[in-house]
Amino acid sequence: MHDILINWAPQETRVAIIENGAVQELHIERTLERGLVGNVYLGKVARVLPGMQSAFIDIGLERAAFLHVADLHTTPHGVRGESQALVPIEKQVFEGQTLMVQVIKDPIGTKGARLSTQISIAGRMLVFLPQDKHIGISQKIGSPETREQLRARMQALAGPAEES
């Protein structure tokens, strides 16, 4: 038996996940403390800076967000190896291009948010990586048996799963 209880007020939202009568998860989000980390946007490249190997992306905020070449996920085979050199940013993105990006660091002061094109959507037990061909298994699962069972299920459904 699973229940989701939601309590909303203008100042905060509380969500509790109940399993068999016991609270399993409690999430509290306060309006004044709401951050952008984890949000996914379809942004537009506003400016490419080859000297800094970065680009500024308009995602609809007050300031343009920052994307460094190391946070780009685009490579010929979809995965960049440790020894593979970074392709210069000016050869990967151009002004006016639309990119799906995820906020990895909130804006602070005069600096805009930091972005990545490696989208990662974490669930309770699994991590969805839309650009990859696998579904990751959460490292927060304490039981090795449960993780192994999930790994086996994911391999049966979608191919090899990796830990994220």
# chains A, B, ... in the order shown; residues from 1 in each chain; ligands from 1
>>> residues_around(residues="region 88-90 of chain A", least_positions_apart="2", cutoff="7 Å", atoms="only C-alpha atoms", output="ChimeraX atom specification")
/A:48,50,53-54,69,86,92-94
>>> write_last_selection(atoms="N, CA, C and O atoms", output="PDB file, in the first residue's frame")
ATOM      1  N   VAL A  48      29.000  32.555 -27.911  1.00  0.00           N
ATOM      2  CA  VAL A  48      30.051  31.544 -27.770  1.00  0.00           C
ATOM      3  C   VAL A  48      31.356  32.289 -27.527  1.00  0.00           C
ATOM      4  O   VAL A  48      31.691  33.237 -28.243  1.00  0.00           O
ATOM      5  N   PRO A  50      35.127  31.426 -27.494  1.00  0.00           N
ATOM      6  CA  PRO A  50      36.194  30.446 -27.734  1.00  0.00           C
ATOM      7  C   PRO A  50      37.370  30.588 -26.774  1.00  0.00           C
ATOM      8  O   PRO A  50      37.963  29.593 -26.370  1.00  0.00           O
ATOM      9  N   GLN A  53      36.392  28.868 -23.770  1.00  0.00           N
ATOM     10  CA  GLN A  53      35.813  27.554 -24.060  1.00  0.00           C
ATOM     11  C   GLN A  53      34.475  27.393 -23.348  1.00  0.00           C
ATOM     12  O   GLN A  53      34.219  26.417 -22.646  1.00  0.00           O
ATOM     13  N   SER A  54      33.622  28.386 -23.542  1.00  0.00           N
ATOM     14  CA  SER A  54      32.313  28.374 -22.897  1.00  0.00           C
ATOM     15  C   SER A  54      31.300  29.098 -23.775  1.00  0.00           C
ATOM     16  O   SER A  54      31.653  29.703 -24.790  1.00  0.00           O
ATOM     17  N   VAL A  69      32.758  23.940 -21.966  1.00  0.00           N
ATOM     18  CA  VAL A  69      32.942  22.851 -22.926  1.00  0.00           C
ATOM     19  C   VAL A  69      32.994  21.484 -22.234  1.00  0.00           C
ATOM     20  O   VAL A  69      32.533  20.488 -22.784  1.00  0.00           O
ATOM     21  N   LEU A  86      39.079  17.293 -25.526  1.00  0.00           N
ATOM     22  CA  LEU A  86      37.843  18.034 -25.718  1.00  0.00           C
ATOM     23  C   LEU A  86      37.855  18.704 -27.088  1.00  0.00           C
ATOM     24  O   LEU A  86      38.850  19.296 -27.493  1.00  0.00           O
ATOM     25  N   GLN A  92      31.313  22.903 -31.670  1.00  0.00           N
ATOM     26  CA  GLN A  92      30.187  22.106 -31.179  1.00  0.00           C
ATOM     27  C   GLN A  92      28.879  22.883 -31.081  1.00  0.00           C
ATOM     28  O   GLN A  92      27.813  22.294 -31.223  1.00  0.00           O
ATOM     29  N   VAL A  93      28.971  24.178 -30.775  1.00  0.00           N
ATOM     30  CA  VAL A  93      27.759  24.993 -30.642  1.00  0.00           C
ATOM     31  C   VAL A  93      27.920  26.294 -31.420  1.00  0.00           C
ATOM     32  O   VAL A  93      29.035  26.728 -31.681  1.00  0.00           O
ATOM     33  N   PHE A  94      26.793  26.891 -31.784  1.00  0.00           N
ATOM     34  CA  PHE A  94      26.816  28.166 -32.508  1.00  0.00           C
ATOM     35  C   PHE A  94      25.683  29.048 -32.008  1.00  0.00           C
ATOM     36  O   PHE A  94      24.698  28.554 -31.455  1.00  0.00           O
TER      37      PHE A  94
END
>>> residues_around(residues="region 35-44 of chain A", least_positions_apart="3", cutoff="7 Å", atoms="only C-alpha atoms", output="VMD selection string")
chain A and resid 57 to 59 96 to 106
>>> write_last_selection(atoms="C-alpha atoms", output="compact mmCIF listing (two decimals), in the first residue's frame")
# COMPACT_ATOMS: atom_id res chain seq x y z
CA ILE A 57 22.75 30.18 -22.91
CA ASP A 58 19.43 32.01 -22.62
CA ILE A 59 17.06 29.85 -20.56
CA GLY A 96 21.10 30.76 -32.11
CA GLN A 97 21.33 26.99 -31.61
CA THR A 98 18.82 25.40 -29.23
CA LEU A 99 20.15 23.01 -26.60
CA MET A 100 18.48 20.93 -23.92
CA VAL A 101 20.33 21.80 -20.71
CA GLN A 102 20.12 21.07 -17.00
CA VAL A 103 21.08 23.47 -14.22
CA ILE A 104 23.97 22.07 -12.15
CA LYS A 105 24.66 25.19 -10.06
CA ASP A 106 22.30 27.99 -9.01
>>> residues_around(residues="region 23-26 of chain A", least_positions_apart="3", cutoff="10 Å", atoms="only C-alpha atoms", output="PyMOL selection string")
chain A and resi 2-6+14-20+124
>>> write_last_selection(atoms="N, CA and C atoms", output="tab-separated table (two decimals), in the first residue's frame")
chain	number	residue	atom	x	y	z
A	2	HIS	N	0.72	2.09	-1.02
A	2	HIS	CA	1.48	3.32	-1.13
A	2	HIS	C	0.52	4.51	-1.11
A	3	ASP	N	0.90	5.55	-0.41
A	3	ASP	CA	0.14	6.79	-0.41
A	3	ASP	C	1.11	7.95	-0.58
A	4	ILE	N	0.64	8.99	-1.25
A	4	ILE	CA	1.41	10.23	-1.36
A	4	ILE	C	0.54	11.32	-0.75
A	5	LEU	N	1.06	11.96	0.27
A	5	LEU	CA	0.35	13.04	0.95
A	5	LEU	C	1.01	14.36	0.58
A	6	ILE	N	0.21	15.34	0.18
A	6	ILE	CA	0.74	16.65	-0.21
A	6	ILE	C	0.06	17.71	0.62
A	14	ARG	N	4.86	20.46	1.15
A	14	ARG	CA	5.39	19.25	1.80
A	14	ARG	C	4.77	18.03	1.14
A	15	VAL	N	5.63	17.07	0.82
A	15	VAL	CA	5.18	15.83	0.19
A	15	VAL	C	5.75	14.66	0.99
A	16	ALA	N	4.89	13.74	1.38
A	16	ALA	CA	5.32	12.55	2.12
A	16	ALA	C	4.89	11.31	1.33
A	17	ILE	N	5.82	10.35	1.25
A	17	ILE	CA	5.51	9.07	0.61
A	17	ILE	C	5.36	8.04	1.73
A	18	ILE	N	4.19	7.43	1.79
A	18	ILE	CA	3.86	6.47	2.85
A	18	ILE	C	3.79	5.07	2.24
A	19	GLU	N	4.49	4.13	2.86
A	19	GLU	CA	4.40	2.72	2.45
A	19	GLU	C	4.06	1.89	3.67
A	20	ASN	N	2.99	1.12	3.56
A	20	ASN	CA	2.54	0.26	4.66
A	20	ASN	C	2.42	1.02	5.98
A	124	ARG	N	13.65	7.50	-7.23
A	124	ARG	CA	13.92	6.91	-5.93
A	124	ARG	C	14.95	5.78	-6.02
>>> atom_distance(atom1="CA of Gly123 (chain A)", atom2="CA of Asn7 (chain A)")
20.8 Å
>>> atom_distance(atom1="CA of Ile119 (chain A)", atom2="CA of Pro10 (chain A)")
29.8 Å
>>> atom_distance(atom1="CA of Gly21 (chain A)", atom2="CA of Met1 (chain A)")
7.9 Å
>>> residues_around(residues="Ile141 (chain A)", least_positions_apart="3", cutoff="12 Å", atoms="only C-alpha atoms", output="PyMOL selection string")
chain A and resi 123-127+136-138+144-151+163-164
>>> write_last_selection(atoms="all heavy atoms", output="compact mmCIF listing (two decimals), in the first residue's frame")
# COMPACT_ATOMS: atom_id res chain seq x y z
N GLY A 123 15.36 9.26 -9.84
CA GLY A 123 14.16 8.78 -9.18
C GLY A 123 14.56 8.18 -7.85
O GLY A 123 15.70 8.32 -7.39
N ARG A 124 13.65 7.50 -7.23
CA ARG A 124 13.92 6.91 -5.93
C ARG A 124 14.95 5.78 -6.02
O ARG A 124 15.81 5.65 -5.15
CB ARG A 124 12.61 6.39 -5.37
CG ARG A 124 12.70 6.01 -3.95
CD ARG A 124 11.31 5.89 -3.41
NE ARG A 124 11.33 5.00 -2.29
CZ ARG A 124 10.31 4.37 -1.84
NH1 ARG A 124 9.15 4.51 -2.43
NH2 ARG A 124 10.41 3.59 -0.81
N MET A 125 14.89 4.97 -7.08
CA MET A 125 15.80 3.84 -7.20
C MET A 125 16.58 3.84 -8.51
O MET A 125 17.58 3.15 -8.62
CB MET A 125 15.03 2.53 -7.10
CG MET A 125 14.37 2.32 -5.78
SD MET A 125 13.70 0.68 -5.69
CE MET A 125 13.09 0.67 -4.02
N LEU A 126 16.12 4.59 -9.49
CA LEU A 126 16.76 4.59 -10.80
C LEU A 126 17.11 6.01 -11.22
O LEU A 126 16.53 6.97 -10.75
CB LEU A 126 15.82 3.97 -11.84
CG LEU A 126 15.36 2.55 -11.58
CD1 LEU A 126 14.34 2.12 -12.61
CD2 LEU A 126 16.53 1.59 -11.56
N VAL A 127 18.09 6.12 -12.12
CA VAL A 127 18.50 7.40 -12.67
C VAL A 127 18.33 7.31 -14.19
O VAL A 127 18.94 6.47 -14.84
CB VAL A 127 19.96 7.73 -12.31
CG1 VAL A 127 20.36 9.07 -12.89
CG2 VAL A 127 20.16 7.71 -10.79
N GLY A 136 20.50 4.11 -15.08
CA GLY A 136 21.40 3.91 -13.94
C GLY A 136 20.64 3.46 -12.70
O GLY A 136 19.44 3.71 -12.55
N ILE A 137 21.35 2.79 -11.82
CA ILE A 137 20.79 2.33 -10.56
C ILE A 137 21.36 3.23 -9.45
O ILE A 137 22.57 3.42 -9.38
CB ILE A 137 21.12 0.85 -10.30
CG1 ILE A 137 20.49 -0.01 -11.40
CG2 ILE A 137 20.63 0.41 -8.92
CD1 ILE A 137 20.91 -1.45 -11.37
N SER A 138 20.50 3.75 -8.61
CA SER A 138 20.91 4.68 -7.57
C SER A 138 21.90 4.03 -6.60
O SER A 138 21.69 2.92 -6.13
CB SER A 138 19.70 5.19 -6.80
OG SER A 138 20.11 6.02 -5.73
N PRO A 144 22.69 -4.42 -1.12
CA PRO A 144 23.31 -4.94 -2.35
C PRO A 144 22.38 -5.91 -3.09
O PRO A 144 22.40 -5.96 -4.32
CB PRO A 144 24.55 -5.68 -1.84
CG PRO A 144 24.82 -5.13 -0.49
CD PRO A 144 23.50 -4.70 0.06
N GLU A 145 21.56 -6.64 -2.36
CA GLU A 145 20.63 -7.59 -3.00
C GLU A 145 19.59 -6.84 -3.83
O GLU A 145 19.29 -7.23 -4.96
CB GLU A 145 19.92 -8.45 -1.95
CG GLU A 145 20.83 -9.39 -1.17
CD GLU A 145 21.55 -8.69 -0.01
OE1 GLU A 145 21.07 -7.62 0.47
OE2 GLU A 145 22.60 -9.21 0.41
N THR A 146 19.04 -5.76 -3.28
CA THR A 146 18.05 -4.96 -3.99
C THR A 146 18.66 -4.35 -5.24
O THR A 146 18.05 -4.35 -6.30
CB THR A 146 17.48 -3.85 -3.08
OG1 THR A 146 16.94 -4.45 -1.91
CG2 THR A 146 16.41 -3.04 -3.79
N ARG A 147 19.88 -3.83 -5.10
CA ARG A 147 20.56 -3.25 -6.26
C ARG A 147 20.80 -4.29 -7.34
O ARG A 147 20.62 -4.03 -8.53
CB ARG A 147 21.87 -2.59 -5.83
CG ARG A 147 21.60 -1.32 -5.02
CD ARG A 147 22.81 -0.72 -4.43
NE ARG A 147 23.79 -0.41 -5.44
CZ ARG A 147 24.99 0.05 -5.17
NH1 ARG A 147 25.34 0.28 -3.92
NH2 ARG A 147 25.84 0.31 -6.13
N GLU A 148 21.18 -5.49 -6.94
CA GLU A 148 21.43 -6.56 -7.90
C GLU A 148 20.13 -6.99 -8.59
O GLU A 148 20.11 -7.25 -9.79
CB GLU A 148 22.10 -7.75 -7.21
CG GLU A 148 22.76 -8.71 -8.17
CD GLU A 148 23.71 -8.05 -9.16
OE1 GLU A 148 24.55 -7.24 -8.77
OE2 GLU A 148 23.57 -8.35 -10.38
N GLN A 149 19.03 -7.04 -7.82
CA GLN A 149 17.73 -7.38 -8.41
C GLN A 149 17.32 -6.33 -9.44
O GLN A 149 16.85 -6.67 -10.53
CB GLN A 149 16.66 -7.49 -7.32
CG GLN A 149 16.78 -8.72 -6.46
CD GLN A 149 15.79 -8.69 -5.30
OE1 GLN A 149 15.12 -7.68 -5.05
NE2 GLN A 149 15.70 -9.80 -4.57
N LEU A 150 17.49 -5.05 -9.10
CA LEU A 150 17.17 -3.98 -10.04
C LEU A 150 18.04 -4.07 -11.28
O LEU A 150 17.56 -3.88 -12.40
CB LEU A 150 17.35 -2.61 -9.38
CG LEU A 150 16.20 -2.13 -8.53
CD1 LEU A 150 16.61 -0.89 -7.75
CD2 LEU A 150 14.99 -1.83 -9.39
N ARG A 151 19.32 -4.32 -11.09
CA ARG A 151 20.26 -4.44 -12.20
C ARG A 151 19.81 -5.56 -13.15
O ARG A 151 19.78 -5.39 -14.37
CB ARG A 151 21.67 -4.70 -11.70
CG ARG A 151 22.72 -4.66 -12.80
CD ARG A 151 24.13 -4.81 -12.25
NE ARG A 151 24.51 -3.63 -11.49
CZ ARG A 151 24.70 -3.60 -10.16
NH1 ARG A 151 24.56 -4.69 -9.44
NH2 ARG A 151 25.04 -2.49 -9.56
N GLU A 163 25.73 1.93 -12.52
CA GLU A 163 25.44 2.71 -11.33
C GLU A 163 25.73 4.17 -11.59
O GLU A 163 26.69 4.51 -12.27
CB GLU A 163 26.27 2.20 -10.16
CG GLU A 163 25.85 0.81 -9.74
CD GLU A 163 26.58 0.31 -8.52
OE1 GLU A 163 27.32 1.08 -7.92
OE2 GLU A 163 26.41 -0.86 -8.20
N SER A 164 24.87 5.02 -11.05
CA SER A 164 25.04 6.47 -11.23
C SER A 164 25.12 7.13 -9.90
O SER A 164 24.58 6.71 -8.95
CB SER A 164 23.87 7.04 -12.01
OG SER A 164 23.85 6.48 -13.29
>>> closest_atom_pairs(of="region 85-163 of chain A", to="region 62-65 of chain A", cutoff="9 Å", atoms="only C-alpha atoms", output="CSV")
residue,atom,partner,partner_atom,distance
A:Val103,CA,A:Ala65,CA,8.6
A:Pro107,CA,A:Ala65,CA,8.0
A:Thr110,CA,A:Arg63,CA,8.2
A:Lys111,CA,A:Arg63,CA,7.6
A:Gly112,CA,A:Ala65,CA,4.6
A:Ala113,CA,A:Ala65,CA,4.7
A:Arg114,CA,A:Ala65,CA,5.8
A:Leu115,CA,A:Ala65,CA,6.7
>>> select_by_dssp(residues="region 119-154 of chain A", states="strand (DSSP E or B)", output="VMD selection string")
chain A and resid 121 to 122 126 to 128 135 to 137
